[in-house]
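Just below is one structure, and these are the notes that go with it.
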Amino acid sequence: MKKYLFTSFSKSLFALLLIGSSASAQQSDTTSKPIRLNQIGFYPVAVKRAIVLSDKEGDFFIQTIQRQTVFTGKLKTSLKPNFAGHVVQSADFSAFTKPGRYILYVPSVGYSYPFEVKASVHKAVASASIKAYYFMRSGTPLPEKYAGKWHRAGGHPDTVVLIHPSAANEGRKAGSVISSPKGWYDAGDYNKYIVNSGITTSTLLSLYEDFPVYMKTVKLNIPESNNRIPDVLDEVLWNLRWMLTMQDPADGGVYHKLTNAAFDKFEMPDKDPSPRYVVQKGTAATLDFAAVMAQASRIFKQYPHELPGLADSCLTAAQKAWGWALKNPEVAYRQDEMNKKFEPKITTGAYGDNNFTDEFIWAASELVATTGSVDYLKNISLLADNRMPVPTWSQVRLLGYYTLIKNDITEKAIPEMTEIRKRLISTADDMISGVDSNAYQTVMTKSVRHFGWGSTSEAANEGILLIQAYKLSHNKKYLDYALANLDYLLGRNGTGYSFVTGYGTKTPMHPHHRPSAADGVVDPVPGLLVGGSNPGMQDGIKVPSKVPDEAYIDDERAYAANEIAINWNAPLAYLANAIEALQLELGSNKK
């Protein structure tokens with residue numbers, strides 16, 4: 001577990017990771033303090049808020065670690081109770097701006113976890129959320145120089161991958177071999193899925209595309225860190241190069257996933273001798289691939305000398321995939337049906353989807369932005385209905401809208417652009433309406449519906465939508481509420497946990513993540529966002545509370561609440577790094 005204090009970035013991020021990790025493993029806190037706040041800290045000139053689980057009004061005090069009071073404020077009773085039905089208090093100390101290490105003290109309940117007030121307060125956790133992808137790399141050893149105590153042997157080289165009967169065609173018969181190395185392990189398991197890689201890779205590409213100046217400063221201590229490409233793009237390239245191998249060169253279709261027949265044991269990746277397969281091509285995978293490759297083309301076009309030919313190769317791959325999807329617009333991946341026809345049966349993550357309207361919108365939007373041709377939107381209804389769903393692997397429509405907006409596609413080119421911008425702002429306004437009256441005063445705690453599988457990614461993706469609204473409108477209220485959702489992820493929530501491994505005082509120690517469980521290291525791999533509160537208990541592991549926002553357990557068996565996943569880490573990485581970049585732009589970090 002990482003300490004909450006990172007005093008200098010003059011050394012490499014990795015050195016800080018090692019210092020924080022080794023120092024605080026013995027200090028892990030299993031209690032649930034009644035003061036809930038961002039356990040990392042706050043910007044000097046930004047909203048600072050904590051929630052006190054008490055029905056008693058009174059004074060609160062910001063104190064130094066030596067217990068000297070430096071600020072006094074009044075608790076304010078929440079207008080609405082929390083989901084458990086209890087009235088709580090909020091402590092707003094936004095007016096306090098002096099940098100330092102502090103604790104919040106309420107006489108009736110005690111002390112909070114320590115936190116900092118300082119410029120760039122989230123820089124370490126923001127960087128770690130991207131560095132987490134290095135630890136998820138398939139097909140390569142992780143040397144101690146870069147991985148520290150989490151170093152490991154390489155696993156799953158995937159240079160000998162079998163064509164599953166479901167994926168066979170005349171040019172690639174069942175049982176024939178292809179090479180499909182690199183890529184990221186998807187989640188707690190060791191498989192690689194195009195659909196989930198799609199939204200993940202795009203979110204990280206968008207982080208760079210939206211904040212290029214800041215992201216060029218983010219150093220991750222990965223093997224490629226000394227080249228001339230920003231580290232976030234270097235990490236994306238590890239997965240992008242794998243994705244390119246998943247396209248059938250004969251027809252442009254894309255295999256749904258590269259996988260074992262069944263999930264691995266809880267062992268290190270190099271211990272698994274199981275055969276690996278690519279399975280059936282599908283419309284969702286092919287369109288997600290097309291979208292990512294089109295986006296990657298326009299970004300890597302900026303690096304023609306460092307990556308000669310890559311931008312052109314990505315665009316060609318995108319266009320071939322688009323062509324396959326137009327010819328095969330309704331090929332759903334239905335694993336149960338597939339297993340009735342073919343052997344071996346595949347029982348790993350399905351990522352099944354039966355509606356491809358959103359994938360067509362996303363892929364077409366990326367191709368429009370990259371090529372300038374609006375012909376890709378022919379016969380596609382951009383505004384098929386009134387919904388503006390927050391992105392997830394199975395619903396990617398807004399990724400297309402974000403792209404059209406940020407690439408300044410005009411109403412002359414696409415008449416729907418006025419309505420798309422209007423709907424984005426309207427959705428953001430609906431999202432933040434009434435938030436100030438709920439118990440935890442975050443968008444995430446506004447509604448019970450938020451608390452399903454991967455609820456933390458919902459919080460992070462809501463934050464991204466609010467940042468898009470801020471970038472479009474320049475109204476700072478959207479940025480403030482996005483920051484509140486980051487506060488939620490880092491401790492201002494019903495569980496009292498910071499949901500990011502290694503960052504905060506009370507963080508998950510037992511994520512559903514095979515390397516973290518099997519490597520013999522007490523601390524889990526750092527920078528991973530666990531799934532979070534979920535009363536569904538789909539894994540059969542009982543959570544300590546059925547109250548939606550409290551339904552979390554730190555148990556490696558609890559994949560419904562405590563698994564990690566690349567598509568959950570990506571919006572965390574975007575949210576935390578975007579907020580760092582925007583706070584710098586606003587000057588909120590200057591004190």
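Labeling convention for the structure tokens: chains A, B, ... as they appear, residues from 1 per chain, ligands from 1 in order of appearance.
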For range 343-357 of chain A: contacts at 6 Å, only C-alpha atoms, fewer than 6 positions along chain excluded, given as a PyMOL selection string
chain A and resi 261-263+332-333
Counting only C-alpha atoms, give me one row per residue of range 35-152 of chain A with an atom at most 8 Å from an atom of range 420-441 of chain A, showing the shortest contact pair and its distance in Å to one decimal, sorted by chain then residue number, as a Markdown table.
```
| residue | atom | partner | partner_atom | distance |
| --- | --- | --- | --- | --- |
| A:Ile51 | CA | A:Tyr440 | CA | 6.3 |
| A:Ser78 | CA | A:Ala439 | CA | 5.6 |
| A:Leu79 | CA | A:Ser437 | CA | 5.0 |
| A:Lys80 | CA | A:Asn438 | CA | 5.2 |
| A:Pro81 | CA | A:Ala439 | CA | 5.7 |
| A:Asn82 | CA | A:Ala439 | CA | 5.0 |
| A:Val87 | CA | A:Ala439 | CA | 7.4 |
| A:Val88 | CA | A:Ala439 | CA | 6.3 |
| A:Gln89 | CA | A:Ala439 | CA | 7.8 |
| A:Ser90 | CA | A:Tyr440 | CA | 8.0 |
```
Going by DSSP on the backbone, which residues of range 332-524 of chain A come out as strand (DSSP E or B)? List them as a ChimeraX atom specification.
/A:392,395,500,512
Find the nearest atom pair between each residue of range 42-130 of chain A and range 187-211 of chain A for residues within 12 Å, count only C-alpha atoms, give distances in Å to one decimal, sort rows by chain and ascending number, and present the table as CSV.
```
residue,atom,partner,partner_atom,distance
A:Ala126,CA,A:Leu207,CA,11.5
A:Ser129,CA,A:Leu204,CA,10.7
A:Ile130,CA,A:Leu204,CA,8.5
```
What would the file look like if the residues just selected were written as an mmCIF file, in the first residue's frame with N, CA and C atoms?
```
data_model
loop_
_atom_site.group_PDB
_atom_site.id
_atom_site.type_symbol
_atom_site.label_atom_id
_atom_site.label_comp_id
_atom_site.auth_asym_id
_atom_site.auth_seq_id
_atom_site.Cartn_x
_atom_site.Cartn_y
_atom_site.Cartn_z
ATOM 1 N N ALA A 126 -2.364 9.719 -10.464
ATOM 2 C CA ALA A 126 -2.698 9.842 -11.882
ATOM 3 C C ALA A 126 -1.686 9.091 -12.743
ATOM 4 N N SER A 129 -1.981 5.242 -12.307
ATOM 5 C CA SER A 129 -3.120 4.621 -12.978
ATOM 6 C C SER A 129 -2.788 4.258 -14.421
ATOM 7 N N ILE A 130 -1.808 4.936 -15.013
ATOM 8 C CA ILE A 130 -1.321 4.555 -16.348
ATOM 9 C C ILE A 130 -0.216 3.511 -16.222
#
```
Excluding Glu585 in chain A and residues on its chain fewer than 6 positions from it, collect all residues at most 12 Å away from it, counting only C-alpha atoms, and give them as a ChimeraX atom specification.
/A:120,211,213-214,471,578-579
Output as a count of residues only all residues of range 12-182 of chain A that backbone DSSP marks as alpha helix (DSSP H).
29
Could you pull the residues within 9 Å of Asp251 in chain A, counting only C-alpha atoms, minus those fewer than 4 positions along the same chain, as a list in words?
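Close residues of Asp251 in chain A: Gln247, Lys320, Ala321, Gly323 and Trp324 of chain A.
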Using the selection just defined, write its residues with C-alpha atoms as a short mmCIF file (atom, residue, chain, number, x, y, z; two decimals), in the first residue's frame.
```
data_model
loop_
_atom_site.label_atom_id
_atom_site.label_comp_id
_atom_site.auth_asym_id
_atom_site.auth_seq_id
_atom_site.Cartn_x
_atom_site.Cartn_y
_atom_site.Cartn_z
CA GLN A 247 -7.34 -8.62 -37.91
CA LYS A 320 -10.60 -2.65 -44.03
CA ALA A 321 -12.40 -3.34 -40.76
CA GLY A 323 -15.60 -2.55 -44.97
CA TRP A 324 -16.00 -5.94 -43.27
#
```
Given only C-alpha atoms as the counted atoms, nearest of A:Val109, A:Ala174, A:Ala469, A:Ile222 to Lys145 in chain A
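Once distances to Lys145 in chain A are computed over only C-alpha atoms, the minimum belongs to A:Ile222.
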Option closest in space to Ser297 in chain A, from A:Thr445, A:Thr371, A:Gln68, A:Ser54 [counting only C-alpha atoms]
A:Thr371
So which residues touch Leu75 in chain A within 8 Å, counting only C-alpha atoms, skipping near sequence neighbours fewer than 2 positions away, as a PDB file with N, CA and C atoms, in the first residue's frame?
```pdb
ATOM      1  N   GLU A  57     -24.398  18.397  14.719  1.00  0.00           N
ATOM      2  CA  GLU A  57     -23.732  19.572  14.177  1.00  0.00           C
ATOM      3  C   GLU A  57     -22.684  20.072  15.157  1.00  0.00           C
ATOM      4  N   GLY A  58     -21.832  20.964  14.711  1.00  0.00           N
ATOM      5  CA  GLY A  58     -20.792  21.509  15.588  1.00  0.00           C
ATOM      6  C   GLY A  58     -19.603  21.964  14.777  1.00  0.00           C
ATOM      7  N   ASP A  59     -18.500  22.184  15.450  1.00  0.00           N
ATOM      8  CA  ASP A  59     -17.285  22.653  14.798  1.00  0.00           C
ATOM      9  C   ASP A  59     -16.449  21.480  14.292  1.00  0.00           C
ATOM     10  N   PHE A  60     -15.678  21.738  13.242  1.00  0.00           N
ATOM     11  CA  PHE A  60     -14.615  20.810  12.843  1.00  0.00           C
ATOM     12  C   PHE A  60     -13.327  21.600  12.747  1.00  0.00           C
ATOM     13  N   GLY A  73     -14.113  25.298  11.155  1.00  0.00           N
ATOM     14  CA  GLY A  73     -15.319  25.487  10.364  1.00  0.00           C
ATOM     15  C   GLY A  73     -16.520  24.868  11.048  1.00  0.00           C
ATOM     16  N   THR A  77     -25.465  19.940   8.089  1.00  0.00           N
ATOM     17  CA  THR A  77     -26.255  18.715   7.961  1.00  0.00           C
ATOM     18  C   THR A  77     -26.708  18.514   6.515  1.00  0.00           C
ATOM     19  N   GLN A  89     -23.107  14.808   8.120  1.00  0.00           N
ATOM     20  CA  GLN A  89     -22.637  16.187   8.103  1.00  0.00           C
ATOM     21  C   GLN A  89     -21.568  16.363   7.022  1.00  0.00           C
ATOM     22  N   SER A  90     -21.498  17.556   6.458  1.00  0.00           N
ATOM     23  CA  SER A  90     -20.404  17.869   5.545  1.00  0.00           C
ATOM     24  C   SER A  90     -19.519  18.936   6.178  1.00  0.00           C
ATOM     25  N   ALA A  91     -18.225  18.791   5.903  1.00  0.00           N
ATOM     26  CA  ALA A  91     -17.232  19.760   6.376  1.00  0.00           C
ATOM     27  C   ALA A  91     -16.573  20.371   5.150  1.00  0.00           C
ATOM     28  N   ASP A  92     -16.854  21.628   4.890  1.00  0.00           N
ATOM     29  CA  ASP A  92     -16.299  22.318   3.729  1.00  0.00           C
ATOM     30  C   ASP A  92     -15.174  23.227   4.202  1.00  0.00           C
TER      31      ASP A  92
END
```
For Leu466 in chain A, please output as a ChimeraX atom specification all residues within 6 Å (counting only C-alpha atoms; exclusion window: fewer than 2 positions along the same chain).
/A:428,463-464,468-469,478,482
Go through A:Ile467, A:Ile62, A:Ala364, A:Ala558 one by one, measure the shortest atom-to-atom distance of each to Ala576 in chain A using only C-alpha atoms, and give the residue with the smallest value.
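Among the listed residues, A:Ile467 lies closest to Ala576 in chain A.
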Sort by chain and increasing residue number a table of all residues of range 217-324 of chain A within 7 Å of range 514-537 of chain A, each with its closest pair of atoms and their distance in Å to one decimal, counting only C-alpha atoms, and write it as CSV.
```
residue,atom,partner,partner_atom,distance
A:Phe266,CA,A:Arg514,CA,5.2
A:Glu267,CA,A:Ala518,CA,5.2
A:Met268,CA,A:Pro515,CA,5.5
```
Let's have the selection written as a compact mmCIF listing (two decimals), in the first residue's frame, with C-alpha atoms.
```txt
# COMPACT_ATOMS: atom_id res chain seq x y z
CA PHE A 266 -4.61 -18.26 -9.51
CA GLU A 267 -0.96 -18.55 -10.50
CA MET A 268 1.67 -16.39 -12.16
```
